[in-house]
Structures are given as structure tokens and as C-alpha cells.
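See below for target26.txt, which holds compact mmCIF, C-alpha atoms.
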```
# COMPACT_ATOMS: atom_id res chain seq x y z
CA MET A 1 -70.11 -11.06 109.51
CA GLU A 2 -72.83 -13.61 110.09
CA GLY A 3 -74.49 -14.73 106.87
CA PHE A 4 -71.70 -13.43 104.67
CA ASP A 5 -68.97 -16.00 105.24
CA HIS A 6 -68.93 -16.76 101.52
CA ILE A 7 -67.68 -13.22 100.86
CA ALA A 8 -64.70 -13.81 103.14
CA ARG A 9 -63.92 -17.13 101.45
CA ASN A 10 -64.27 -15.64 97.98
CA LEU A 11 -62.01 -12.71 98.84
CA GLU A 12 -59.34 -14.99 100.24
CA SER A 13 -59.39 -17.03 97.03
CA ILE A 14 -59.23 -13.93 94.83
CA TYR A 15 -56.32 -12.43 96.78
CA HIS A 16 -54.41 -15.71 96.44
CA ARG A 17 -55.06 -15.76 92.70
CA ILE A 18 -53.92 -12.14 92.31
CA GLU A 19 -50.76 -12.91 94.29
CA ALA A 20 -50.06 -15.96 92.13
CA ALA A 21 -50.57 -13.95 88.92
CA CYS A 22 -48.20 -11.29 90.25
CA ARG A 23 -45.56 -13.93 91.03
CA ARG A 24 -45.81 -15.28 87.50
CA ALA A 25 -45.29 -11.77 86.13
CA GLY A 26 -42.59 -10.73 88.61
CA ARG A 27 -44.85 -8.06 90.12
CA ASP A 28 -45.55 -6.89 93.65
CA PRO A 29 -49.17 -7.75 94.61
CA ARG A 30 -49.38 -4.37 96.33
CA GLU A 31 -49.41 -2.81 92.85
CA VAL A 32 -52.88 -4.26 92.21
CA THR A 33 -56.03 -2.72 93.70
CA LEU A 34 -59.07 -4.94 94.04
CA ILE A 35 -62.26 -3.03 93.27
CA ALA A 36 -65.33 -4.87 94.53
CA VAL A 37 -68.09 -4.23 92.00
CA THR A 38 -71.30 -3.71 93.95
CA LYS A 39 -73.83 -3.45 91.12
CA THR A 40 -77.07 -5.13 92.35
CA VAL A 41 -75.41 -5.79 95.74
CA THR A 42 -77.05 -4.53 98.95
CA ALA A 43 -75.46 -2.05 101.34
CA LYS A 44 -75.22 -4.84 103.93
CA GLU A 45 -73.13 -6.92 101.53
CA VAL A 46 -70.94 -3.90 100.84
CA LEU A 47 -70.45 -3.49 104.57
CA ALA A 48 -69.52 -7.17 104.91
CA ALA A 49 -66.85 -6.81 102.22
CA TYR A 50 -65.63 -3.63 103.93
CA ARG A 51 -65.35 -5.42 107.27
CA TYR A 52 -63.36 -8.15 105.51
CA GLY A 53 -60.86 -5.52 104.39
CA VAL A 54 -62.08 -4.20 101.03
CA ARG A 55 -61.60 -0.44 100.70
CA HIS A 56 -62.43 0.14 97.01
CA PHE A 57 -65.92 -0.29 95.58
CA GLY A 58 -67.17 0.16 92.02
CA GLU A 59 -70.65 1.11 90.87
CA ASN A 60 -72.11 1.04 87.34
CA ARG A 61 -75.21 3.20 87.62
CA VAL A 62 -75.53 6.56 89.34
CA GLU A 63 -79.17 6.07 90.26
CA GLU A 64 -78.42 2.79 92.03
CA ALA A 65 -75.18 3.98 93.59
CA LEU A 66 -76.28 7.16 95.33
CA PRO A 67 -78.81 5.68 97.81
CA LYS A 68 -76.53 2.69 98.43
CA ILE A 69 -73.53 4.89 99.19
CA ALA A 70 -75.62 6.99 101.56
CA GLU A 71 -76.99 3.89 103.32
CA PHE A 72 -73.54 2.37 103.60
CA GLN A 73 -72.11 5.56 105.10
CA GLN A 74 -74.78 5.42 107.81
CA MET A 75 -73.71 1.86 108.67
CA LEU A 76 -70.06 2.74 109.31
CA SER A 77 -69.00 2.99 112.92
CA ALA A 78 -67.39 6.14 114.26
CA GLY A 79 -63.78 6.32 113.19
CA GLU A 80 -64.11 3.87 110.31
CA PRO A 81 -62.68 5.57 107.20
CA ALA A 82 -64.84 6.00 104.14
CA PRO A 83 -63.86 3.73 101.25
CA THR A 84 -62.97 4.91 97.76
CA TRP A 85 -65.94 4.85 95.39
CA HIS A 86 -65.18 4.19 91.72
CA MET A 87 -67.61 5.00 88.91
CA ILE A 88 -66.92 2.18 86.46
CA GLY A 89 -70.04 2.11 84.27
CA HIS A 90 -71.13 4.30 81.38
CA LEU A 91 -71.73 7.81 82.74
CA GLN A 92 -74.39 9.81 80.95
CA ARG A 93 -73.78 13.56 80.79
CA ARG A 94 -77.15 14.26 82.39
CA LYS A 95 -76.08 12.23 85.43
CA VAL A 96 -72.76 14.01 85.93
CA ARG A 97 -74.04 16.66 88.33
CA ASP A 98 -75.31 14.00 90.73
CA ALA A 99 -72.28 11.75 90.33
CA MET A 100 -69.47 14.21 90.94
CA PRO A 101 -70.01 14.69 94.70
CA ALA A 102 -70.41 10.96 95.34
CA PHE A 103 -67.48 9.37 93.51
CA ASP A 104 -63.74 9.59 94.10
CA ILE A 105 -62.55 8.41 90.67
CA VAL A 106 -64.22 7.80 87.30
CA HIS A 107 -62.94 4.96 85.09
CA SER A 108 -65.36 5.45 82.20
CA VAL A 109 -64.56 8.79 80.58
CA ASP A 110 -65.40 7.86 77.00
CA THR A 111 -65.90 11.20 75.22
CA VAL A 112 -64.43 14.68 75.35
CA ARG A 113 -67.95 16.06 75.84
CA LEU A 114 -68.36 13.97 78.98
CA ALA A 115 -65.03 15.22 80.31
CA ALA A 116 -66.07 18.82 79.66
CA GLU A 117 -69.34 18.31 81.54
CA MET A 118 -67.46 16.77 84.46
CA SER A 119 -65.04 19.69 84.58
CA LYS A 120 -67.96 22.11 84.59
CA ARG A 121 -69.77 20.31 87.43
CA LEU A 122 -66.61 19.95 89.52
CA GLU A 123 -65.96 23.70 89.45
CA PRO A 124 -68.48 24.66 92.17
CA LEU A 125 -67.37 21.69 94.28
CA GLY A 126 -63.74 22.81 94.23
CA LYS A 127 -62.88 19.17 93.62
CA GLU A 128 -60.28 17.50 91.42
CA MET A 129 -61.42 14.20 89.95
CA PRO A 130 -58.93 11.49 88.95
CA ILE A 131 -60.13 9.94 85.70
CA LEU A 132 -59.31 7.05 83.43
CA LEU A 133 -59.98 7.18 79.71
CA GLU A 134 -62.10 4.25 78.57
CA VAL A 135 -60.72 2.65 75.41
CA ASN A 136 -62.72 0.33 73.17
CA ILE A 137 -59.66 -1.79 72.55
CA SER A 138 -61.64 -4.61 70.90
CA GLY A 139 -63.50 -2.32 68.49
CA GLU A 140 -66.86 -3.90 69.35
CA ALA A 141 -69.84 -1.78 68.32
CA SER A 142 -71.63 -2.65 71.56
CA LYS A 143 -68.92 -1.13 73.76
CA TYR A 144 -68.30 2.44 74.83
CA GLY A 145 -64.90 4.06 74.74
CA PHE A 146 -62.45 5.93 72.57
CA ALA A 147 -61.00 4.18 69.56
CA PRO A 148 -57.29 3.74 70.28
CA ALA A 149 -56.33 6.09 67.45
CA ASP A 150 -58.52 8.83 68.91
CA VAL A 151 -57.02 8.81 72.39
CA PRO A 152 -54.11 11.25 71.80
CA ALA A 153 -56.42 13.99 70.49
CA ALA A 154 -58.74 13.43 73.46
CA VAL A 155 -55.83 13.67 75.88
CA GLU A 156 -54.76 16.99 74.43
CA GLU A 157 -58.24 18.45 74.87
CA ILE A 158 -58.83 17.03 78.35
CA LEU A 159 -55.47 18.28 79.61
CA GLN A 160 -56.80 21.81 79.09
CA MET A 161 -59.82 21.18 81.35
CA PRO A 162 -59.59 22.19 85.00
CA HIS A 163 -60.51 19.83 87.85
CA LEU A 164 -59.68 16.65 85.89
CA SER A 165 -56.54 14.58 86.40
CA ILE A 166 -55.85 11.81 83.88
CA ARG A 167 -54.39 8.78 85.68
CA GLY A 168 -54.52 6.06 83.03
CA LEU A 169 -56.73 3.86 80.87
CA MET A 170 -59.60 1.43 81.30
CA THR A 171 -61.03 -1.24 79.03
CA MET A 172 -63.43 -4.17 78.97
CA ALA A 173 -62.25 -7.22 77.09
CA PRO A 174 -64.79 -9.14 75.00
CA ILE A 175 -66.63 -12.03 76.60
CA VAL A 176 -64.45 -15.04 75.87
CA ALA A 177 -64.69 -18.77 76.45
CA HIS A 178 -61.32 -18.91 78.20
CA ALA A 179 -59.60 -16.21 80.27
CA GLU A 180 -56.44 -16.60 78.22
CA ASP A 181 -58.32 -15.44 75.11
CA ALA A 182 -58.65 -11.97 76.69
CA ARG A 183 -54.89 -11.52 77.06
CA PRO A 184 -54.27 -9.87 73.65
CA TYR A 185 -56.65 -7.04 74.55
CA PHE A 186 -54.81 -6.38 77.81
CA VAL A 187 -51.50 -6.40 75.96
CA LYS A 188 -52.88 -3.79 73.52
CA LEU A 189 -54.10 -1.51 76.31
CA ARG A 190 -50.77 -1.66 78.11
CA ALA A 191 -48.94 -0.88 74.84
CA LEU A 192 -51.23 2.10 74.23
CA ARG A 193 -50.59 3.34 77.77
CA ASP A 194 -46.84 3.07 77.22
CA GLU A 195 -47.10 5.05 73.96
CA LEU A 196 -49.11 7.76 75.68
CA ALA A 197 -46.68 7.90 78.61
CA ALA A 198 -43.85 8.60 76.17
CA ARG A 199 -45.87 11.22 74.30
CA TYR A 200 -47.39 12.97 77.34
CA PRO A 201 -44.87 12.65 80.17
CA GLU A 202 -46.68 15.32 82.19
CA VAL A 203 -49.49 12.79 82.84
CA GLN A 204 -49.07 10.11 85.53
CA TRP A 205 -50.36 7.14 83.45
CA SER A 206 -50.11 5.07 86.62
CA GLU A 207 -53.35 3.10 86.28
CA LEU A 208 -54.53 0.31 84.00
CA SER A 209 -58.07 -0.73 84.93
CA MET A 210 -58.65 -4.06 83.21
CA GLY A 211 -59.75 -7.52 84.21
CA MET A 212 -63.02 -8.75 85.71
CA SER A 213 -64.29 -11.90 87.42
CA ASP A 214 -63.62 -14.18 84.44
CA ASP A 215 -60.33 -12.77 83.18
CA PHE A 216 -58.50 -10.87 85.92
CA GLU A 217 -55.51 -13.22 86.11
CA PRO A 218 -54.16 -12.55 82.59
CA ALA A 219 -54.99 -8.87 83.14
CA VAL A 220 -52.76 -8.82 86.23
CA GLU A 221 -50.02 -10.65 84.36
CA GLU A 222 -50.17 -7.98 81.66
CA GLY A 223 -49.96 -5.01 84.03
CA ALA A 224 -53.40 -4.28 85.46
CA THR A 225 -53.21 -2.00 88.50
CA MET A 226 -56.97 -2.20 89.12
CA VAL A 227 -59.20 -5.24 88.68
CA ARG A 228 -62.99 -4.89 88.83
CA ILE A 229 -64.52 -7.99 90.41
CA GLY A 230 -68.15 -8.44 91.43
CA ARG A 231 -69.70 -11.84 90.88
CA ALA A 232 -66.63 -13.75 92.08
CA ILE A 233 -66.80 -11.89 95.39
CA PHE A 234 -70.49 -11.70 96.18
CA GLN A 235 -72.04 -14.86 94.76
CA PRO A 236 -72.22 -17.79 97.18
```

Please express the file's structure as C-alpha cells.
Amino acid sequence: MEGFDHIARNLESIYHRIEAACRRAGRDPREVTLIAVTKTVTAKEVLAAYRYGVRHFGENRVEEALPKIAEFQQMLSAGEPAPTWHMIGHLQRRKVRDAMPAFDIVHSVDTVRLAAEMSKRLEPLGKEMPILLEVNISGEASKYGFAPADVPAAVEEILQMPHLSIRGLMTMAPIVAHAEDARPYFVKLRALRDELAARYPEVQWSELSMGMSDDFEPAVEEGATMVRIGRAIFQP
């Protein structure tokens, strides 16, 4: 699309880097979903990324996402399939009612109370929501998420809630000077996922959402199935 050539170039570079990381780890690149993070990005830029092949988009704030999603939907041509919208930011319980119809998957379930509110709001929609449990793997006070030790108890409660389907875990690594410094946090999340998969085999545990613009390559090498990339796609 005219005026958005940088998005095409950026995407090509990112796909090559994901493929290279997969080769280093002996993985199939098709196992990794690129989620284009569209926080502060216009609907026209979202459409450009869509036309360049992106089918998964992530939003951080409900109040910003809803009008953008609606505007984007109006821009699609007849027959173009709707993309998958991921809620990746902190979701306040008071925003759940508005968020549930708009999103297809929520990465940031960080409390049992939030999960209960989601289940309640999904009931009248007759909708099942895939969710990821956000884990504060670094233990930083500034981050949301379950402490790793608290995840099993949360799983047991959430498994009793209708309309929610646990699919895996999500985390945000600390801001680091070098991408390689984030690797230990990705290793810890993968290890936690493997422990949970052994303990709760009835859950899919298929997704590990980890890795962003500055650290997605070690995340892919350590098993990420979803990487959340914004700046590296949309900035010229």
C-alpha cells in the first residue's frame, strides 16, 4: 500500500529473523504466530499490515481498541476474512463487558477474579474465550501476572469456570540491554508450562506468548508460539 512500504520491509525482515531463530532451535517456523501490536497505530496502518499478510493483531487498551477494530472492519473489502484480535494488555474487570465481544483471545488473565468476570460476561454471548494466564516470571513489582507458585491453584479454579479455555501462558521479560539477557525468563516460562502440562493433561497448554520487538529471537529459540511485535513492524 502506498505510503506504508516500510511496513512490508519490516515484516519481511521479522519473518526472516523468526525463520532463522526456528532453524537454530530445530523448529518449524509455522509453529510461531506473529501478532502485530497495534497500540497507538491507526486503522490505516493496521489495514496495510493486513494487506501484507498479517492476520493476528494485538491491542493493549480496550478503549483504544474498540473504535479501531470497528473502523478497520469497515475498511475490509467484501470476502476478506476478519483477522484474529488478541487482548494483550492489562484488562480491568470494569472493561470486561465491552472487551468480550470484540476480542478472540485474551493473553493477560492475571487474577482469578478477572477470569470469573470474563466467564460471567461471556455467558450471554454464548461464546468460549481462549485465554492465556499471565505469569510475572521476573517477580518485578511493576508487572501484572500470577506468581509462578500461584499458577496451579489458579488453574484449578479457572477450570471450573464455563466459557473459558486455558491455552497456555504469557509473560513479559524485563527490559534488558541485550536480547540474550531475556532468555532465562523465557526458559522459566517454558519450564512452568511443561510442569503444568504434566499436572493438568486435560488442558491444551499449546501456547507460549513471549517475546517482543527487542527480544523475540531468544523467545522463539526457547519455544514461543506467539510473539508480540509492534514497534519493529510499524516504525519507519

Pick from A:Val155, A:His56, A:Glu63, A:Leu125 nearest to Pro81 of chain A, counting only C-alpha atoms: A:His56

A:Ile69, A:Ile131, A:Ala115, A:Val176 ranked by distance to Gln160 of chain A, top pick (using only C-alpha atoms): A:Ala115

Kindly assemble as JSON lines a list of the segment 142-170 of chain A residues that lie within 12 Å of segment 217-230 of chain A, each paired with its nearest atom pair and their distance in Å to one decimal, using only C-alpha atoms, sorted first by chain and then by ascending residue number.
```
{"residue": "A:Arg167", "atom": "CA", "partner": "A:Thr225", "partner_atom": "CA", "distance": 11.2}
{"residue": "A:Gly168", "atom": "CA", "partner": "A:Thr225", "partner_atom": "CA", "distance": 9.8}
{"residue": "A:Leu169", "atom": "CA", "partner": "A:Ala224", "partner_atom": "CA", "distance": 9.9}
{"residue": "A:Met170", "atom": "CA", "partner": "A:Met226", "partner_atom": "CA", "distance": 9.0}
```

Distance in Å - atom CA of Gly145 of chain A versus atom CA of Gln92 of chain A: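 Going from atom CA of Gly145 of chain A over to atom CA of Gln92 of chain A covers 12.7 Å.
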
Nearest residue to Thr40 of chain A from the set A:Glu128, A:Asp28, A:Glu71, A:Glu59 (distances using only C-alpha atoms):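 Nearest to Thr40 of chain A: A:Glu59.
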
Taking the partial coordinates given, rebuild segment 98-120 of chain A to contain N, CA and C atoms; return it as a CSV table (one decimal), keeping the file's coordinate frame.
```
chain,number,residue,atom,x,y,z
A,98,ASP,N,-75.1,14.8,89.5
A,98,ASP,CA,-75.3,14.0,90.7
A,98,ASP,C,-74.1,13.1,91.1
A,99,ALA,N,-73.4,12.7,90.1
A,99,ALA,CA,-72.3,11.8,90.3
A,99,ALA,C,-71.0,12.4,90.9
A,100,MET,N,-70.7,13.6,90.6
A,100,MET,CA,-69.5,14.2,90.9
A,100,MET,C,-69.3,14.3,92.5
A,101,PRO,N,-70.3,14.6,93.3
A,101,PRO,CA,-70.0,14.7,94.7
A,101,PRO,C,-69.8,13.3,95.3
A,102,ALA,N,-70.4,12.3,94.7
A,102,ALA,CA,-70.4,11.0,95.3
A,102,ALA,C,-69.2,10.1,95.1
A,103,PHE,N,-68.6,10.3,93.9
A,103,PHE,CA,-67.5,9.4,93.5
A,103,PHE,C,-66.1,10.0,93.7
A,104,ASP,N,-65.1,9.1,93.9
A,104,ASP,CA,-63.7,9.6,94.1
A,104,ASP,C,-62.9,9.5,92.9
A,105,ILE,N,-63.3,8.6,91.9
A,105,ILE,CA,-62.6,8.4,90.7
A,105,ILE,C,-63.5,7.9,89.6
A,106,VAL,N,-63.4,8.3,88.4
A,106,VAL,CA,-64.2,7.8,87.3
A,106,VAL,C,-63.4,7.1,86.3
A,107,HIS,N,-63.7,5.8,86.0
A,107,HIS,CA,-62.9,5.0,85.1
A,107,HIS,C,-63.4,5.1,83.7
A,108,SER,N,-64.6,5.6,83.5
A,108,SER,CA,-65.4,5.4,82.2
A,108,SER,C,-65.5,6.8,81.4
A,109,VAL,N,-64.5,7.6,81.4
A,109,VAL,CA,-64.6,8.8,80.6
A,109,VAL,C,-64.3,8.4,79.1
A,110,ASP,N,-65.4,8.4,78.3
A,110,ASP,CA,-65.4,7.9,77.0
A,110,ASP,C,-65.6,8.9,75.9
A,111,THR,N,-65.8,10.1,76.2
A,111,THR,CA,-65.9,11.2,75.2
A,111,THR,C,-65.3,12.5,75.8
A,112,VAL,N,-64.9,13.4,74.9
A,112,VAL,CA,-64.4,14.7,75.4
A,112,VAL,C,-65.6,15.5,75.9
A,113,ARG,N,-66.8,15.3,75.3
A,113,ARG,CA,-68.0,16.1,75.8
A,113,ARG,C,-68.3,15.7,77.3
A,114,LEU,N,-68.1,14.4,77.6
A,114,LEU,CA,-68.4,14.0,79.0
A,114,LEU,C,-67.3,14.6,79.9
A,115,ALA,N,-66.1,14.6,79.5
A,115,ALA,CA,-65.0,15.2,80.3
A,115,ALA,C,-65.3,16.7,80.5
A,116,ALA,N,-65.8,17.4,79.5
A,116,ALA,CA,-66.1,18.8,79.7
A,116,ALA,C,-67.2,19.0,80.7
A,117,GLU,N,-68.2,18.2,80.6
A,117,GLU,CA,-69.3,18.3,81.5
A,117,GLU,C,-68.9,18.0,83.0
A,118,MET,N,-68.0,17.1,83.1
A,118,MET,CA,-67.5,16.8,84.5
A,118,MET,C,-66.7,18.0,85.0
A,119,SER,N,-65.8,18.5,84.2
A,119,SER,CA,-65.0,19.7,84.6
A,119,SER,C,-66.0,20.8,85.0
A,120,LYS,N,-67.0,21.1,84.3
A,120,LYS,CA,-68.0,22.1,84.6
A,120,LYS,C,-68.6,21.9,85.9
```
